[in-house]
$ cat final07.cif   # mmCIF, C-alpha atoms, pLDDT in the B column; chains and numbers go by the auth columns
data_final
#
loop_
_atom_site.group_PDB
_atom_site.id
_atom_site.type_symbol
_atom_site.label_atom_id
_atom_site.label_comp_id
_atom_site.label_asym_id
_atom_site.label_seq_id
_atom_site.Cartn_x
_atom_site.Cartn_y
_atom_site.Cartn_z
_atom_site.B_iso_or_equiv
_atom_site.auth_seq_id
_atom_site.auth_asym_id
ATOM 1 C CA MET A 1 16.939 8.308 -0.685 70.00 565 A
ATOM 2 C CA VAL A 2 14.419 10.559 0.959 90.00 566 A
ATOM 3 C CA TYR A 3 12.696 8.943 3.934 96.00 567 A
ATOM 4 C CA ILE A 4 9.508 10.782 4.811 96.00 568 A
ATOM 5 C CA THR A 5 8.368 10.613 8.430 94.00 569 A
ATOM 6 C CA SER A 6 4.789 11.817 8.018 96.00 570 A
ATOM 7 C CA TRP A 7 2.403 9.302 6.431 96.00 571 A
ATOM 8 C CA ASP A 8 0.025 11.940 5.055 95.00 572 A
ATOM 9 C CA GLU A 9 2.890 13.849 3.500 96.00 573 A
ATOM 10 C CA PHE A 10 4.170 10.649 1.886 96.00 574 A
ATOM 11 C CA VAL A 11 0.747 9.882 0.390 96.00 575 A
ATOM 12 C CA GLU A 12 0.226 13.421 -0.893 95.00 576 A
ATOM 13 C CA LYS A 13 3.661 13.676 -2.480 95.00 577 A
ATOM 14 C CA SER A 14 3.545 10.228 -4.074 95.00 578 A
ATOM 15 C CA VAL A 15 0.129 10.848 -5.643 94.00 579 A
ATOM 16 C CA GLN A 16 1.407 14.189 -6.978 94.00 580 A
ATOM 17 C CA LEU A 17 4.495 12.467 -8.365 95.00 581 A
ATOM 18 C CA PHE A 18 2.368 9.861 -10.108 94.00 582 A
ATOM 19 C CA GLN A 19 -0.090 12.349 -11.589 93.00 583 A
ATOM 20 C CA ALA A 20 2.793 14.463 -12.905 94.00 584 A
ATOM 21 C CA ASP A 21 4.318 11.513 -14.787 93.00 585 A
ATOM 22 C CA PRO A 22 2.117 8.396 -14.723 92.00 586 A
ATOM 23 C CA GLU A 23 4.134 6.502 -17.314 90.00 587 A
ATOM 24 C CA SER A 24 7.416 6.405 -15.440 93.00 588 A
ATOM 25 C CA THR A 25 6.246 6.464 -11.806 95.00 589 A
ATOM 26 C CA ARG A 26 6.256 3.168 -9.915 96.00 590 A
ATOM 27 C CA TYR A 27 5.311 2.121 -6.385 96.00 591 A
ATOM 28 C CA SER A 28 7.329 -0.610 -4.620 96.00 592 A
ATOM 29 C CA VAL A 29 6.794 -2.400 -1.354 96.00 593 A
ATOM 30 C CA LYS A 30 9.457 -4.449 0.436 96.00 594 A
ATOM 31 C CA TYR A 31 8.506 -6.690 3.322 95.00 595 A
ATOM 32 C CA ARG A 32 10.933 -8.585 5.551 94.00 596 A
ATOM 33 C CA HIS A 33 9.177 -10.970 7.910 93.00 597 A
ATOM 34 C CA CYS A 34 12.356 -11.952 9.787 92.00 598 A
ATOM 35 C CA GLU A 35 12.949 -8.287 10.735 92.00 599 A
ATOM 36 C CA GLY A 36 9.309 -7.222 10.787 92.00 600 A
ATOM 37 C CA LYS A 37 9.995 -4.252 8.510 93.00 601 A
ATOM 38 C CA LEU A 38 7.984 -2.686 5.728 95.00 602 A
ATOM 39 C CA VAL A 39 9.468 -0.151 3.295 96.00 603 A
ATOM 40 C CA LEU A 40 7.466 1.756 0.689 97.00 604 A
ATOM 41 C CA LYS A 41 9.074 3.517 -2.272 96.00 605 A
ATOM 42 C CA VAL A 42 7.595 5.774 -4.955 96.00 606 A
ATOM 43 C CA THR A 43 9.863 7.013 -7.722 96.00 607 A
ATOM 44 C CA ASP A 44 9.694 8.464 -11.209 95.00 608 A
ATOM 45 C CA ASN A 45 13.361 7.750 -11.844 95.00 609 A
ATOM 46 C CA ARG A 46 14.226 11.332 -11.031 95.00 610 A
ATOM 47 C CA GLU A 47 12.811 11.830 -7.573 94.00 611 A
ATOM 48 C CA CYS A 48 12.447 9.142 -4.891 96.00 612 A
ATOM 49 C CA LEU A 49 10.171 9.099 -1.858 96.00 613 A
ATOM 50 C CA LYS A 50 10.447 6.406 0.800 97.00 614 A
ATOM 51 C CA PHE A 51 8.598 5.439 3.954 97.00 615 A
ATOM 52 C CA LYS A 52 9.619 2.752 6.427 95.00 616 A
ATOM 53 C CA THR A 53 7.732 1.244 9.316 95.00 617 A
ATOM 54 C CA GLU A 54 7.556 -1.647 11.761 94.00 618 A
ATOM 55 C CA THR A 55 3.972 -1.167 12.902 94.00 619 A
ATOM 56 C CA ALA A 56 0.819 -2.985 11.909 93.00 620 A
ATOM 57 C CA GLN A 57 -1.037 0.327 12.092 93.00 621 A
ATOM 58 C CA ASP A 58 1.034 1.677 9.188 94.00 622 A
ATOM 59 C CA ALA A 59 0.415 -1.547 7.274 93.00 623 A
ATOM 60 C CA LYS A 60 -3.306 -0.769 7.414 93.00 624 A
ATOM 61 C CA LYS A 61 -2.618 2.704 6.043 94.00 625 A
ATOM 62 C CA MET A 62 -0.497 1.116 3.315 95.00 626 A
ATOM 63 C CA GLU A 63 -3.502 -0.959 2.238 94.00 627 A
ATOM 64 C CA LYS A 64 -5.415 2.257 1.588 93.00 628 A
ATOM 65 C CA LEU A 65 -2.486 3.594 -0.410 94.00 629 A
ATOM 66 C CA ASN A 66 -2.442 0.346 -2.400 94.00 630 A
ATOM 67 C CA ASN A 67 -6.079 0.951 -3.272 93.00 631 A
ATOM 68 C CA ILE A 68 -5.320 4.485 -4.376 92.00 632 A
ATOM 69 C CA PHE A 69 -2.525 3.342 -6.677 93.00 633 A
ATOM 70 C CA PHE A 70 -4.509 0.426 -8.103 91.00 634 A
ATOM 71 C CA THR A 71 -7.335 2.820 -8.958 90.00 635 A
ATOM 72 C CA LEU A 72 -5.012 5.413 -10.480 90.00 636 A
ATOM 73 C CA MET A 73 -3.102 2.889 -12.544 90.00 637 A
ATOM 74 C CA ALA A 74 -5.984 0.719 -13.679 87.00 638 A
ATOM 75 C CA ARG A 75 -8.456 3.498 -14.403 84.00 639 A
ATOM 76 C CA GLY A 76 -6.138 6.255 -15.481 83.00 640 A
ATOM 77 C CA PRO A 77 -4.317 9.069 -13.643 85.00 641 A
ATOM 78 C CA ASP A 78 -7.343 11.332 -13.844 82.00 642 A
ATOM 79 C CA ALA A 79 -9.587 8.877 -12.014 81.00 643 A
ATOM 80 C CA ASP A 80 -11.180 9.921 -8.753 78.00 644 A
ATOM 81 C CA ILE A 81 -9.259 8.385 -5.924 74.00 645 A
ATOM 82 C CA SER A 82 -11.414 5.756 -4.269 56.00 646 A
ATOM 83 C CA GLU A 83 -10.439 6.875 -0.765 56.00 647 A
ATOM 84 C CA ALA A 84 -12.320 10.106 -1.224 43.00 648 A
ATOM 85 C CA ALA A 85 -15.238 8.299 -2.806 41.00 649 A
ATOM 86 C CA GLY A 86 -15.226 5.706 -0.017 46.00 650 A
ATOM 87 C CA LYS A 87 -15.403 8.371 2.687 43.00 651 A
ATOM 88 C CA GLU A 88 -18.186 10.212 0.892 41.00 652 A
ATOM 89 C CA GLN A 89 -20.200 7.021 0.608 47.00 653 A
ATOM 90 C CA ALA A 90 -19.681 6.257 4.270 48.00 654 A
ATOM 91 C CA GLU A 91 -20.973 9.701 5.187 47.00 655 A
ATOM 92 C CA ALA A 92 -23.936 9.484 2.838 49.00 656 A
ATOM 93 C CA GLN A 93 -25.240 6.134 4.072 53.00 657 A
ATOM 94 C CA PRO A 94 -25.924 6.992 7.725 52.00 658 A
ATOM 95 C CA THR A 95 -27.905 10.068 6.706 53.00 659 A
ATOM 96 C CA LYS A 96 -30.067 7.997 4.365 53.00 660 A
ATOM 97 C CA LYS A 97 -30.878 5.361 6.975 57.00 661 A
ATOM 98 C CA GLY A 98 -31.965 7.843 9.569 59.00 662 A
ATOM 99 C CA ARG A 99 -34.044 6.959 12.597 66.00 663 A
ATOM 100 C CA GLY A 100 -37.504 6.361 11.210 66.00 664 A
ATOM 101 C CA ARG A 101 -39.273 5.485 14.449 70.00 665 A
ATOM 102 C CA LYS A 102 -40.849 8.573 15.962 67.00 666 A
ATOM 103 C CA GLN A 103 -40.998 8.120 19.672 66.00 667 A
ATOM 104 C CA MET B 1 10.024 -12.947 -15.643 81.00 991 B
ATOM 105 C CA VAL B 2 6.890 -14.990 -15.633 86.00 992 B
ATOM 106 C CA LEU B 3 3.637 -13.336 -16.729 92.00 993 B
ATOM 107 C CA LEU B 4 0.691 -15.035 -15.064 94.00 994 B
ATOM 108 C CA GLN B 5 -3.083 -14.850 -14.867 94.00 995 B
ATOM 109 C CA LEU B 6 -4.500 -12.893 -11.911 94.00 996 B
ATOM 110 C CA ASP B 7 -5.503 -15.888 -9.781 95.00 997 B
ATOM 111 C CA THR B 8 -2.302 -17.817 -10.495 95.00 998 B
ATOM 112 C CA PHE B 9 -0.313 -14.737 -9.553 96.00 999 B
ATOM 113 C CA LEU B 10 -2.164 -14.433 -6.235 96.00 1000 B
ATOM 114 C CA ASN B 11 -1.523 -18.095 -5.429 95.00 1001 B
ATOM 115 C CA GLU B 12 2.165 -17.798 -6.273 95.00 1002 B
ATOM 116 C CA LEU B 13 2.412 -14.625 -4.177 95.00 1003 B
ATOM 117 C CA THR B 14 0.899 -16.464 -1.213 95.00 1004 B
ATOM 118 C CA SER B 15 3.431 -19.275 -1.486 94.00 1005 B
ATOM 119 C CA MET B 16 6.266 -16.717 -1.747 94.00 1006 B
ATOM 120 C CA PHE B 17 5.169 -15.142 1.528 93.00 1007 B
ATOM 121 C CA GLU B 18 4.993 -18.542 3.185 92.00 1008 B
ATOM 122 C CA LYS B 19 8.482 -19.513 2.024 91.00 1009 B
ATOM 123 C CA SER B 20 10.184 -16.309 3.158 89.00 1010 B
ATOM 124 C CA THR B 21 9.029 -16.185 6.780 86.00 1011 B
ATOM 125 C CA GLU B 22 12.377 -17.122 8.350 85.00 1012 B
ATOM 126 C CA LYS B 23 14.646 -15.109 6.111 85.00 1013 B
ATOM 127 C CA GLY B 24 14.441 -13.119 2.910 87.00 1014 B
ATOM 128 C CA SER B 25 12.356 -10.249 1.582 92.00 1015 B
ATOM 129 C CA ILE B 26 9.414 -9.853 -0.700 95.00 1016 B
ATOM 130 C CA TRP B 27 9.197 -6.952 -3.140 96.00 1017 B
ATOM 131 C CA VAL B 28 5.925 -6.031 -4.842 96.00 1018 B
ATOM 132 C CA THR B 29 5.972 -3.274 -7.456 96.00 1019 B
ATOM 133 C CA LEU B 30 3.057 -1.510 -9.118 95.00 1020 B
ATOM 134 C CA LYS B 31 3.440 0.384 -12.347 94.00 1021 B
ATOM 135 C CA GLN B 32 1.096 1.673 -15.004 92.00 1022 B
ATOM 136 C CA ASP B 33 1.130 -0.544 -18.062 85.00 1023 B
ATOM 137 C CA VAL B 34 -0.557 1.268 -20.919 76.00 1024 B
ATOM 138 C CA ALA B 35 -1.444 -1.180 -23.673 64.00 1025 B
ATOM 139 C CA SER B 36 1.797 -1.179 -25.614 53.00 1026 B
ATOM 140 C CA LEU B 37 0.018 -1.631 -28.913 48.00 1027 B
ATOM 141 C CA LYS B 38 0.025 2.079 -29.589 58.00 1028 B
ATOM 142 C CA SER B 39 3.109 4.310 -29.703 59.00 1029 B
ATOM 143 C CA LYS B 40 3.351 7.466 -27.621 63.00 1030 B
ATOM 144 C CA ALA B 41 2.507 9.747 -30.518 65.00 1031 B
ATOM 145 C CA GLN B 42 -0.647 7.815 -31.290 66.00 1032 B
ATOM 146 C CA ARG B 43 -1.551 7.793 -27.605 62.00 1033 B
ATOM 147 C CA ASN B 44 -1.323 11.572 -27.449 68.00 1034 B
ATOM 148 C CA LYS B 45 -3.539 11.850 -30.513 69.00 1035 B
ATOM 149 C CA MET B 46 -6.069 9.519 -28.909 62.00 1036 B
ATOM 150 C CA ARG B 47 -6.095 11.617 -25.763 63.00 1037 B
ATOM 151 C CA THR B 48 -6.905 14.780 -27.673 60.00 1038 B
ATOM 152 C CA VAL B 49 -9.701 12.974 -29.558 59.00 1039 B
ATOM 153 C CA GLY B 50 -11.087 11.829 -26.234 53.00 1040 B
ATOM 154 C CA SER B 51 -11.251 8.080 -26.784 53.00 1041 B
ATOM 155 C CA SER B 52 -10.718 5.837 -23.793 61.00 1042 B
ATOM 156 C CA ILE B 53 -7.231 4.370 -23.452 71.00 1043 B
ATOM 157 C CA LYS B 54 -7.164 0.944 -21.892 80.00 1044 B
ATOM 158 C CA TYR B 55 -5.194 1.356 -18.702 86.00 1045 B
ATOM 159 C CA ARG B 56 -3.629 -1.654 -17.089 90.00 1046 B
ATOM 160 C CA CYS B 57 -1.697 -1.991 -13.873 92.00 1047 B
ATOM 161 C CA LEU B 58 1.437 -4.109 -13.988 94.00 1048 B
ATOM 162 C CA VAL B 59 2.142 -5.902 -10.725 95.00 1049 B
ATOM 163 C CA ARG B 60 5.493 -7.608 -10.175 96.00 1050 B
ATOM 164 C CA ALA B 61 6.523 -9.665 -7.171 96.00 1051 B
ATOM 165 C CA THR B 62 9.867 -11.213 -6.320 95.00 1052 B
ATOM 166 C CA ASP B 63 11.534 -12.983 -3.439 94.00 1053 B
ATOM 167 C CA GLY B 64 14.998 -12.165 -4.757 91.00 1054 B
ATOM 168 C CA LYS B 65 15.252 -15.373 -6.768 92.00 1055 B
ATOM 169 C CA LYS B 66 12.020 -15.831 -8.637 94.00 1056 B
ATOM 170 C CA THR B 67 9.956 -13.044 -10.230 96.00 1057 B
ATOM 171 C CA ILE B 68 6.293 -13.272 -11.139 96.00 1058 B
ATOM 172 C CA SER B 69 4.092 -10.657 -12.733 96.00 1059 B
ATOM 173 C CA THR B 70 0.582 -9.971 -13.863 95.00 1060 B
ATOM 174 C CA SER B 71 -1.357 -7.227 -15.579 94.00 1061 B
ATOM 175 C CA VAL B 72 -4.576 -5.953 -13.977 93.00 1062 B
ATOM 176 C CA GLY B 73 -7.186 -4.301 -16.164 90.00 1063 B
ATOM 177 C CA THR B 74 -9.843 -1.753 -15.248 89.00 1064 B
ATOM 178 C CA LYS B 75 -12.575 -4.344 -14.724 89.00 1065 B
ATOM 179 C CA ASP B 76 -10.475 -6.723 -12.621 90.00 1066 B
ATOM 180 C CA HIS B 77 -8.755 -4.195 -10.412 91.00 1067 B
ATOM 181 C CA GLN B 78 -11.285 -4.118 -7.584 92.00 1068 B
ATOM 182 C CA ARG B 79 -11.407 -7.884 -7.270 94.00 1069 B
ATOM 183 C CA PHE B 80 -7.615 -8.139 -7.419 94.00 1070 B
ATOM 184 C CA GLN B 81 -7.270 -5.291 -4.921 93.00 1071 B
ATOM 185 C CA ALA B 82 -9.466 -7.110 -2.393 94.00 1072 B
ATOM 186 C CA SER B 83 -7.644 -10.446 -2.772 95.00 1073 B
ATOM 187 C CA TYR B 84 -4.250 -8.743 -2.612 95.00 1074 B
ATOM 188 C CA ALA B 85 -5.221 -6.888 0.574 94.00 1075 B
ATOM 189 C CA THR B 86 -6.359 -10.164 2.155 94.00 1076 B
ATOM 190 C CA ILE B 87 -3.042 -11.851 1.353 94.00 1077 B
ATOM 191 C CA LEU B 88 -1.054 -8.959 2.825 93.00 1078 B
ATOM 192 C CA LYS B 89 -3.132 -8.852 6.016 91.00 1079 B
ATOM 193 C CA ALA B 90 -2.726 -12.596 6.473 91.00 1080 B
ATOM 194 C CA HIS B 91 1.044 -12.609 6.048 91.00 1081 B
ATOM 195 C CA MET B 92 2.323 -9.318 7.437 88.00 1082 B
ATOM 196 C CA THR B 93 2.107 -10.592 10.981 89.00 1083 B
ATOM 197 C CA ALA B 94 5.638 -9.762 12.113 89.00 1084 B
ATOM 198 C CA LEU B 95 4.912 -6.045 12.423 91.00 1085 B
ATOM 199 C CA LYS B 96 4.583 -4.503 15.896 92.00 1086 B
ATOM 200 C CA LYS B 97 1.140 -3.830 17.265 87.00 1087 B
ATOM 201 C CA ARG B 98 1.267 -0.821 19.534 78.00 1088 B
ATOM 202 C CA GLU B 99 -1.496 -0.794 22.113 65.00 1089 B
ATOM 203 C CA ARG B 100 -2.218 2.125 24.383 61.00 1090 B
ATOM 204 C CA LYS B 101 -2.737 -0.291 27.268 56.00 1091 B
ATOM 205 C CA ASP B 102 0.936 -1.289 27.089 52.00 1092 B
ATOM 206 C CA LYS B 103 2.010 2.337 27.299 51.00 1093 B
ATOM 207 C CA LYS B 104 -0.212 2.945 30.345 54.00 1094 B
ATOM 208 C CA LYS B 105 1.180 -0.119 32.101 53.00 1095 B
ATOM 209 C CA ALA B 106 4.735 1.017 31.373 52.00 1096 B
ATOM 210 C CA VAL B 107 3.978 4.445 32.918 55.00 1097 B
ATOM 211 C CA GLY B 108 2.441 2.753 36.002 51.00 1098 B
ATOM 212 C CA THR B 109 5.449 0.491 36.601 49.00 1099 B
ATOM 213 C CA ASP B 110 7.829 3.440 36.125 49.00 1100 B
ATOM 214 C CA ASN B 111 5.997 5.391 38.854 50.00 1101 B
ATOM 215 C CA LYS B 112 6.209 2.456 41.256 48.00 1102 B
ATOM 216 C CA GLU B 113 9.907 2.082 40.593 46.00 1103 B
ATOM 217 C CA GLY B 114 10.347 5.797 41.244 46.00 1104 B
ATOM 218 C CA ASP B 115 8.613 5.547 44.640 51.00 1105 B
ATOM 219 C CA LEU B 116 10.712 2.559 45.662 52.00 1106 B
ATOM 220 C CA LYS B 117 13.872 4.439 44.760 51.00 1107 B
ATOM 221 C CA LYS B 118 12.810 7.501 46.764 53.00 1108 B
ATOM 222 C CA LYS B 119 11.943 5.643 49.977 53.00 1109 B
ATOM 223 C CA PRO B 120 15.344 4.092 50.731 55.00 1110 B
ATOM 224 C CA ASN B 121 16.965 7.524 50.137 57.00 1111 B
ATOM 225 C CA LYS B 122 14.697 9.188 52.741 55.00 1112 B
ATOM 226 C CA ALA B 123 15.353 6.456 55.277 55.00 1113 B
#
$ encode --input "final07.cif" --output "structure tokens"
Amino acid sequence: MVYITSWDEFVEKSVQLFQADPESTRYSVKYRHCEGKLVLKVTDNRECLKFKTETAQDAKKMEKLNNIFFTLMARGPDADISEAAGKEQAEAQPTKKGRGRKQ
Amino acid sequence: MVLLQLDTFLNELTSMFEKSTEKGSIWVTLKQDVASLKSKAQRNKMRTVGSSIKYRCLVRATDGKKTISTSVGTKDHQRFQASYATILKAHMTALKKRERKDKKKAVGTDNKEGDLKKKPNKA
């Protein structure tokens, strides 16, 4: 079992793994409340990537990863990952609003 | 393996989380569930033609004893995603919350302890 320490590396590798073989890749999450541990696993039955954490901060990051996988699996592996789209939208909105009042 | 509707699945998932607070684990697995009506060969043909394949996301959850599952389609996935995220946020409360304030306080107390240790030595 390969435990990856860097979150960004885990996300990048798991998305690559999924896009290489979307039909056999799966994403699992195990949560133990009594121990306060969260373990994420992405595997295509050949390679396995894991990430474990005890922090709420990583749980927030996991939610974003959940969104990425939901989008990829429900819309197709070629779909644009919503994270990128979300960030672009967030950047676009402030510029549109602008500060209209000229002082 | 029980296949449920989206909302029923979410309710069952919530009760699973509530039951396993003192001991036990919860596993949730996501996998692509291409409509199994077509065989692989036909799917490849469809891809080359360019027609849209209905993608679905299979979600399974288990507490070690009972397993529930549901299939999320393209139109439902955003709604399901939001509800699922809410459930997780509400129940994953046992995880540590690291605050920078705690770290600063720890450094401050360490310094004080260091000074106290030094003084008796000098005297």
$ atom_distance --input "final07.cif" --atom1 "CA of Glu618 (chain A)" --atom2 "CA of Thr569 (chain A)"
12.7 Å
$ residues_around --input "final07.cif" --residues "Thr589 (chain A)" --least-positions-apart "5" --cutoff "10 Å" --atoms "only C-alpha atoms" --output "list in words"
Ser578, Val579, Leu581, Phe582, Gln583, Ala584, Val606, Thr607, Asp608, Asn609, Arg610, Glu611 and Cys612 of chain A; Leu1020, Lys1021 and Gln1022 of chain B
$ write_last_selection --input "final07.cif" --atoms "C-alpha atoms" --output "short mmCIF file (atom, residue, chain, number, x, y, z; two decimals), in the coordinates of the input"
data_model
loop_
_atom_site.label_atom_id
_atom_site.label_comp_id
_atom_site.auth_asym_id
_atom_site.auth_seq_id
_atom_site.Cartn_x
_atom_site.Cartn_y
_atom_site.Cartn_z
CA SER A 578 3.54 10.23 -4.07
CA VAL A 579 0.13 10.85 -5.64
CA LEU A 581 4.50 12.47 -8.36
CA PHE A 582 2.37 9.86 -10.11
CA GLN A 583 -0.09 12.35 -11.59
CA ALA A 584 2.79 14.46 -12.90
CA VAL A 606 7.60 5.77 -4.96
CA THR A 607 9.86 7.01 -7.72
CA ASP A 608 9.69 8.46 -11.21
CA ASN A 609 13.36 7.75 -11.84
CA ARG A 610 14.23 11.33 -11.03
CA GLU A 611 12.81 11.83 -7.57
CA CYS A 612 12.45 9.14 -4.89
CA LEU B 1020 3.06 -1.51 -9.12
CA LYS B 1021 3.44 0.38 -12.35
CA GLN B 1022 1.10 1.67 -15.00
#
$ resolve_selection --input "final07.cif" --expression "the PyMOL selection byres ((chain A) within 9 of (chain B))" --output "short mmCIF file (atom, residue, chain, number, x, y, z; two decimals) with C-alpha atoms, in the coordinates of the input"
data_model
loop_
_atom_site.label_atom_id
_atom_site.label_comp_id
_atom_site.auth_asym_id
_atom_site.auth_seq_id
_atom_site.Cartn_x
_atom_site.Cartn_y
_atom_site.Cartn_z
CA PRO A 586 2.12 8.40 -14.72
CA GLU A 587 4.13 6.50 -17.31
CA SER A 588 7.42 6.40 -15.44
CA THR A 589 6.25 6.46 -11.81
CA ARG A 590 6.26 3.17 -9.91
CA TYR A 591 5.31 2.12 -6.38
CA SER A 592 7.33 -0.61 -4.62
CA VAL A 593 6.79 -2.40 -1.35
CA LYS A 594 9.46 -4.45 0.44
CA TYR A 595 8.51 -6.69 3.32
CA ARG A 596 10.93 -8.59 5.55
CA HIS A 597 9.18 -10.97 7.91
CA CYS A 598 12.36 -11.95 9.79
CA GLU A 599 12.95 -8.29 10.74
CA GLY A 600 9.31 -7.22 10.79
CA LYS A 601 9.99 -4.25 8.51
CA LEU A 602 7.98 -2.69 5.73
CA THR A 617 7.73 1.24 9.32
CA GLU A 618 7.56 -1.65 11.76
CA THR A 619 3.97 -1.17 12.90
CA ALA A 620 0.82 -2.98 11.91
CA GLN A 621 -1.04 0.33 12.09
CA ALA A 623 0.42 -1.55 7.27
CA LYS A 624 -3.31 -0.77 7.41
CA GLU A 627 -3.50 -0.96 2.24
CA ASN A 630 -2.44 0.35 -2.40
CA ASN A 631 -6.08 0.95 -3.27
CA PHE A 633 -2.52 3.34 -6.68
CA PHE A 634 -4.51 0.43 -8.10
CA THR A 635 -7.34 2.82 -8.96
CA LEU A 636 -5.01 5.41 -10.48
CA MET A 637 -3.10 2.89 -12.54
CA ALA A 638 -5.98 0.72 -13.68
CA ARG A 639 -8.46 3.50 -14.40
CA GLY A 640 -6.14 6.26 -15.48
#
$ atom_distance --input "final07.cif" --atom1 "CA of Lys1055 (chain B)" --atom2 "CA of Leu604 (chain A)"
20.2 Å
$ atom_distance --input "final07.cif" --atom1 "CA of Ala643 (chain A)" --atom2 "CA of Lys628 (chain A)"
15.7 Å
$ residues_around --input "final07.cif" --residues "Lys614 (chain A)" --least-positions-apart "2" --cutoff "8 Å" --atoms "all atoms listed in the file" --output "list in words"
Met565, Val566, Tyr567, Ile568, Phe574, Val603, Leu604, Lys605, Val606, Cys612 and Lys616 of chain A
$ closest_residue --input "final07.cif" --among "B:Asn1001, B:Gln995, B:Ile1077, B:Met1006" --to "Thr1057 (chain B)" --atoms "only C-alpha atoms"
B:Met1006
$ resolve_selection --input "final07.cif" --expression "the PyMOL selection byres ((chain B and resi 993) around 9)" --output "PyMOL selection string"
chain B and resi 991-992+994-995+999+1050+1058-1061
$ residues_around --input "final07.cif" --residues "Lys625 (chain A)" --least-positions-apart "6" --cutoff "10 Å" --atoms "all atoms listed in the file" --output "short mmCIF file (atom, residue, chain, number, x, y, z; two decimals) with C-alpha atoms, in the coordinates of the input"
data_model
loop_
_atom_site.label_atom_id
_atom_site.label_comp_id
_atom_site.auth_asym_id
_atom_site.auth_seq_id
_atom_site.Cartn_x
_atom_site.Cartn_y
_atom_site.Cartn_z
CA TRP A 571 2.40 9.30 6.43
CA ASP A 572 0.02 11.94 5.06
CA VAL A 575 0.75 9.88 0.39
#
